[in-house]
Amino acid sequence: MAAANGQRKLVLVVVDSLRADMLLKTVRAGEAPTFRKLIDRGELVADCVASFPSVTPVCTSEITTGERPDRHLIPGMNWYHRAERRYVEYGSSFEATRAFGLFRSLYDTVYNLNMGHLNFETPTLFERLADAGLRTACTPFLIYRGRTRHEVGLEGLLKAFASAARFHHAVWGPEELFYGELYSSRKVDCRPTLARPATRDAYSACVARDLVEHDLYDFLLFSLPDNDYYSHRDGPEGMRAAIALADDALAELVAAHGGTDRFLADNGVIVVADHAQSLVERRLDLQGTLGERWQVLRPNAELGPDDRLAVGPSGRAAGIWLLPDDGEERARLGAEVSGFLEHDVEGVDLLAWITPEGDERGRWAAVSGSGIELRFRPGAAVRDRRGRGWELDGDPAALSARVAGDAFVSDEYPDALARLWAALANPNAADILVSLAAGWECVDWGGADHLPGGSHGSLLAEDSLGALLTVGLDGERPAGREQWAISDVYGLVEGHFGLAN
Ligand SMILES: [Zn+2]
């Protein structure tokens with residue numbers, strides 16, 4: 001069956017935290033037969049670059065809008081909203097959710113993220129494809145904004161919570177929208193399990209089966225989030241069991257189509273990881289450490305005249321907002337905080353900020369690592385692997401980078417300049433961005449961490465390089481590019497449906 005515009009359909013499978021090396025290990029062990037068939041017939045890119053910070057709200061916004069944080073505006077897992085003078089929390093952990101209040105976190109994660117924070121000028125895939133007359137659908141996914149209105153339709157435990165919180169907002173999503181107990185565009189015989197990890201892949205599969213059987217999509221975003229949960233809990237090596245479970249869910253989708261051949265005849269397929277994960281063994285309580293020297297805004301506290309900093313931990317990255325209104329005071333505070341983090345706080349790898357200096361060609365961004373500083377801004381002196389031009393001032397060793405001719409390459413920090421620039425140019429960005437060293441993780445505002453286990457968020461390759469697999473796509477092929485990024489998925493989808501500009 002063809003899509004509404006005569007093109008073949010497309011399934012975008014987003015596997016949270018999927019690392020290509022672990023995927024291949026699982027396949028070789030014979031534990032992921034469905035992935036194996038897709039890999040055999042498709043093209044696997046092992047090092048597709050995530051956003052910075054490499055955390056799910058930022059990365060899924062990049063996947064669905066094709067834009068980086070400077071355009072889609074989502075800056076992290078936890079961040080300080082300057083206009084609202086409060087923290088935004090997208091559910092770092094159950095403890096963090098509780099620290100900010102269950103209702104507020106629910107509002108931020110479900111409603112505000114999509115309908116408030118995500119830039120309205122960057123259409124999501126659901127909006128782009130609906131505008132082209134295609135039918136869109138998703139299983140529960142953080143970013144769902146689309147063109148079809150959905151009333152909140154609650155079941156179970158969340159119903160009591162949500163009615164107590166007067167959570168009755170309608171949202172705009174794909175034609176077929178499923179978001180656990182909150183939104184469900186059709187009655188399906190599947191048990192929603194939004195709040196319980198390790199059962200969500202099965203729910204996605206159950207919903208997708210119904211969508212296939214009733215022929216309800218041209219574009220389906222098929223979300224498999226459980227791998228993230230297992231990798232956090234057991235470390236990246238624990239990913240194998242989770243990938244096997246994701247394979248079960250994928251197998252159910254394929255079976256609903258009548259097997260691999262039918263599935264691939266009717267559908268182009270993209271499998272993408274939002275980011276990867278690395279092992280963490282040491283914790284950094286950034287808000288506590290900074291709080292010993294400066295007054296740090298507390299969760300849910302009113303912003304007071306003595307508050308100096310807001311701190312947003314995002315896994316293996318963090319943002320620090322300077323709160324004084326006076327510009328000179330802010331600059332002085334920024335220098336003090338940066339100096340302290342660089343010299344006195346173990347676990348900090350990189351600091352990045354926008355400098356006050358600039359000229360008619362714009363301001364400089366700066367990054368410092370191991371006491372070495374590099375300034376950079378868009379220009380023409382060097383090119384990165386994705387073809388973007390940059391002007392440099394300082395030592396590329398700050399990013400363990402080498403410059404050969406006009407090529408700027410850092411294996412340790414993939415696509416470092418463009419990712420840092422996009423993170424810093426986000427109007428919601430912190431004044432100082434922090435990326436942690438290997439093995440370290442920030443404690444969230446609920447006091448939770450994933451030690452010993454897996455985590456992500458940093459600019460380092462081990463958090464940033466995930467799998468990208470394409471099978472039977474119409475349009476551009478992965479071989480056509482030197483370095484792929486998750487923002488490229490948007491163009492692959494447009495290309496498949498013949499919508500590329
Ligand atoms: Zn995660």
# chains A, B, ... in the order shown; residues from 1 in each chain; ligands from 1
$ residues_around --residues "Cys190 in chain A" --least-positions-apart "2" --cutoff "7 Å" --atoms "only C-alpha atoms" --output "PyMOL selection string"
chain A and resi 188+192+203+206-207
$ write_last_selection --atoms "C-alpha atoms" --output "short mmCIF file (atom, residue, chain, number, x, y, z; two decimals), in the first residue's frame"
data_model
loop_
_atom_site.label_atom_id
_atom_site.label_comp_id
_atom_site.auth_asym_id
_atom_site.auth_seq_id
_atom_site.Cartn_x
_atom_site.Cartn_y
_atom_site.Cartn_z
CA VAL A 188 -6.48 0.29 21.39
CA PRO A 192 -0.52 2.26 28.59
CA TYR A 203 3.33 -0.71 24.39
CA CYS A 206 1.08 -3.01 20.54
CA VAL A 207 -0.07 0.41 19.34
#
$ residues_around --residues "Gly454 in chain A" --least-positions-apart "3" --cutoff "7 Å" --atoms "only C-alpha atoms" --output "compact mmCIF listing (two decimals) with N, CA and C atoms, in the first residue's frame"
# COMPACT_ATOMS: atom_id res chain seq x y z
N SER A 231 20.33 0.86 29.93
CA SER A 231 21.73 1.29 29.86
C SER A 231 22.10 2.17 31.04
N HIS A 232 21.16 3.01 31.48
CA HIS A 232 21.42 3.79 32.70
C HIS A 232 21.63 2.86 33.89
N ARG A 233 20.79 1.85 33.97
CA ARG A 233 20.81 0.98 35.15
C ARG A 233 22.01 0.04 35.15
N ASP A 234 22.29 -0.57 33.99
CA ASP A 234 23.29 -1.64 33.94
C ASP A 234 24.59 -1.21 33.27
N GLY A 235 24.65 0.03 32.75
CA GLY A 235 25.84 0.45 32.01
C GLY A 235 25.69 0.06 30.55
N PRO A 236 26.49 0.69 29.68
CA PRO A 236 26.35 0.46 28.24
C PRO A 236 26.43 -1.02 27.86
N GLN A 277 25.56 6.28 25.13
CA GLN A 277 25.77 6.31 26.59
C GLN A 277 27.18 5.84 26.90
N SER A 278 27.70 6.31 28.01
CA SER A 278 29.01 5.84 28.47
C SER A 278 28.92 5.51 29.96
N LEU A 279 29.94 4.81 30.42
CA LEU A 279 29.95 4.33 31.81
C LEU A 279 30.23 5.49 32.77
N VAL A 280 29.46 5.58 33.85
CA VAL A 280 29.74 6.61 34.87
C VAL A 280 30.02 5.96 36.22
N HIS A 450 23.19 7.88 38.20
CA HIS A 450 23.10 6.52 37.65
C HIS A 450 24.33 5.68 37.98
$ residues_near_ligand --ligand "ligand 1" --cutoff "12 Å" --atoms "only C-alpha atoms and all ligand atoms" --output "PyMOL selection string"
chain A and resi 15-18+53-60+76-77+90-93+197+225-233+235-236+273-278+314-316+441+449-450+453-458+463
$ atom_distance --atom1 "CA of Phe263 in chain A" --atom2 "CA of Leu211 in chain A"
13.5 Å
$ select_by_dssp --residues "range 219-373 of chain A" --states "helix (DSSP H, G or I)" --output "PyMOL selection string"
chain A and resi 226-234+236-256+260-266+286-291+327-344
$ closest_residue --among "A:Phe376, A:Tyr413, A:Tyr80, A:Phe178" --to "Ala437 in chain A" --atoms "only C-alpha atoms"
A:Tyr413
$ residues_around --residues "range 467-470 of chain A" --least-positions-apart "3" --cutoff "6 Å" --atoms "only C-alpha atoms" --output "list in words"
Arg19, Ala20, Gly42, Glu43, Leu44, Val45, Ala46, Cys48, Val269, Ile270, Val271, Val272 and Ala273 of chain A
$ write_last_selection --atoms "N, CA and C atoms" --output "mmCIF file, in the first residue's frame"
data_model
loop_
_atom_site.group_PDB
_atom_site.id
_atom_site.type_symbol
_atom_site.label_atom_id
_atom_site.label_comp_id
_atom_site.auth_asym_id
_atom_site.auth_seq_id
_atom_site.Cartn_x
_atom_site.Cartn_y
_atom_site.Cartn_z
ATOM 1 N N ARG A 19 23.766 2.386 20.728
ATOM 2 C CA ARG A 19 25.135 2.455 20.234
ATOM 3 C C ARG A 19 25.340 1.396 19.164
ATOM 4 N N ALA A 20 25.986 1.783 18.061
ATOM 5 C CA ALA A 20 26.164 0.851 16.948
ATOM 6 C C ALA A 20 26.992 -0.363 17.352
ATOM 7 N N GLY A 42 20.282 -2.862 4.539
ATOM 8 C CA GLY A 42 20.363 -1.402 4.621
ATOM 9 C C GLY A 42 21.786 -0.915 4.751
ATOM 10 N N GLU A 43 21.913 0.310 5.187
ATOM 11 C CA GLU A 43 23.227 0.909 5.386
ATOM 12 C C GLU A 43 23.313 1.457 6.789
ATOM 13 N N LEU A 44 24.335 0.985 7.518
ATOM 14 C CA LEU A 44 24.495 1.384 8.917
ATOM 15 C C LEU A 44 25.620 2.397 9.047
ATOM 16 N N VAL A 45 25.282 3.543 9.628
ATOM 17 C CA VAL A 45 26.289 4.541 9.986
ATOM 18 C C VAL A 45 26.500 4.400 11.490
ATOM 19 N N ALA A 46 27.738 4.150 11.902
ATOM 20 C CA ALA A 46 27.994 3.848 13.320
ATOM 21 C C ALA A 46 28.192 5.103 14.152
ATOM 22 N N CYS A 48 26.732 8.529 14.004
ATOM 23 C CA CYS A 48 25.836 9.653 13.735
ATOM 24 C C CYS A 48 25.865 10.592 14.956
ATOM 25 N N VAL A 269 12.672 2.588 5.864
ATOM 26 C CA VAL A 269 12.893 2.512 7.311
ATOM 27 C C VAL A 269 14.144 3.311 7.695
ATOM 28 N N ILE A 270 14.014 4.084 8.742
ATOM 29 C CA ILE A 270 15.175 4.733 9.360
ATOM 30 C C ILE A 270 15.193 4.312 10.826
ATOM 31 N N VAL A 271 16.337 3.813 11.280
ATOM 32 C CA VAL A 271 16.524 3.564 12.714
ATOM 33 C C VAL A 271 17.569 4.560 13.189
ATOM 34 N N VAL A 272 17.257 5.312 14.230
ATOM 35 C CA VAL A 272 18.234 6.297 14.703
ATOM 36 C C VAL A 272 18.259 6.309 16.224
ATOM 37 N N ALA A 273 19.457 6.520 16.777
ATOM 38 C CA ALA A 273 19.611 6.736 18.217
ATOM 39 C C ALA A 273 19.579 8.234 18.466
#
$ residues_around --residues "range 333-338 of chain A" --least-positions-apart "3" --cutoff "10 Å" --atoms "only C-alpha atoms" --output "list in words"
Leu290, Arg293, Trp294, Arg308, Leu309, Ile320, Trp321, Leu322, Leu323, Pro324, Gly327, Glu328, Glu329, Arg330, Leu341, Glu342, His343, Asp344, Leu351, Ala352, Trp353, Ser368, Asp431, Ile432, Leu433 and Val434 of chain A
$ residues_around --residues "Ala404 in chain A" --least-positions-apart "5" --cutoff "12 Å" --atoms "only C-alpha atoms" --output "list of chain:residue names"
A:Ala381, A:Val382, A:Arg383, A:Asp384, A:Arg385, A:Pro396, A:Val409, A:Ser410
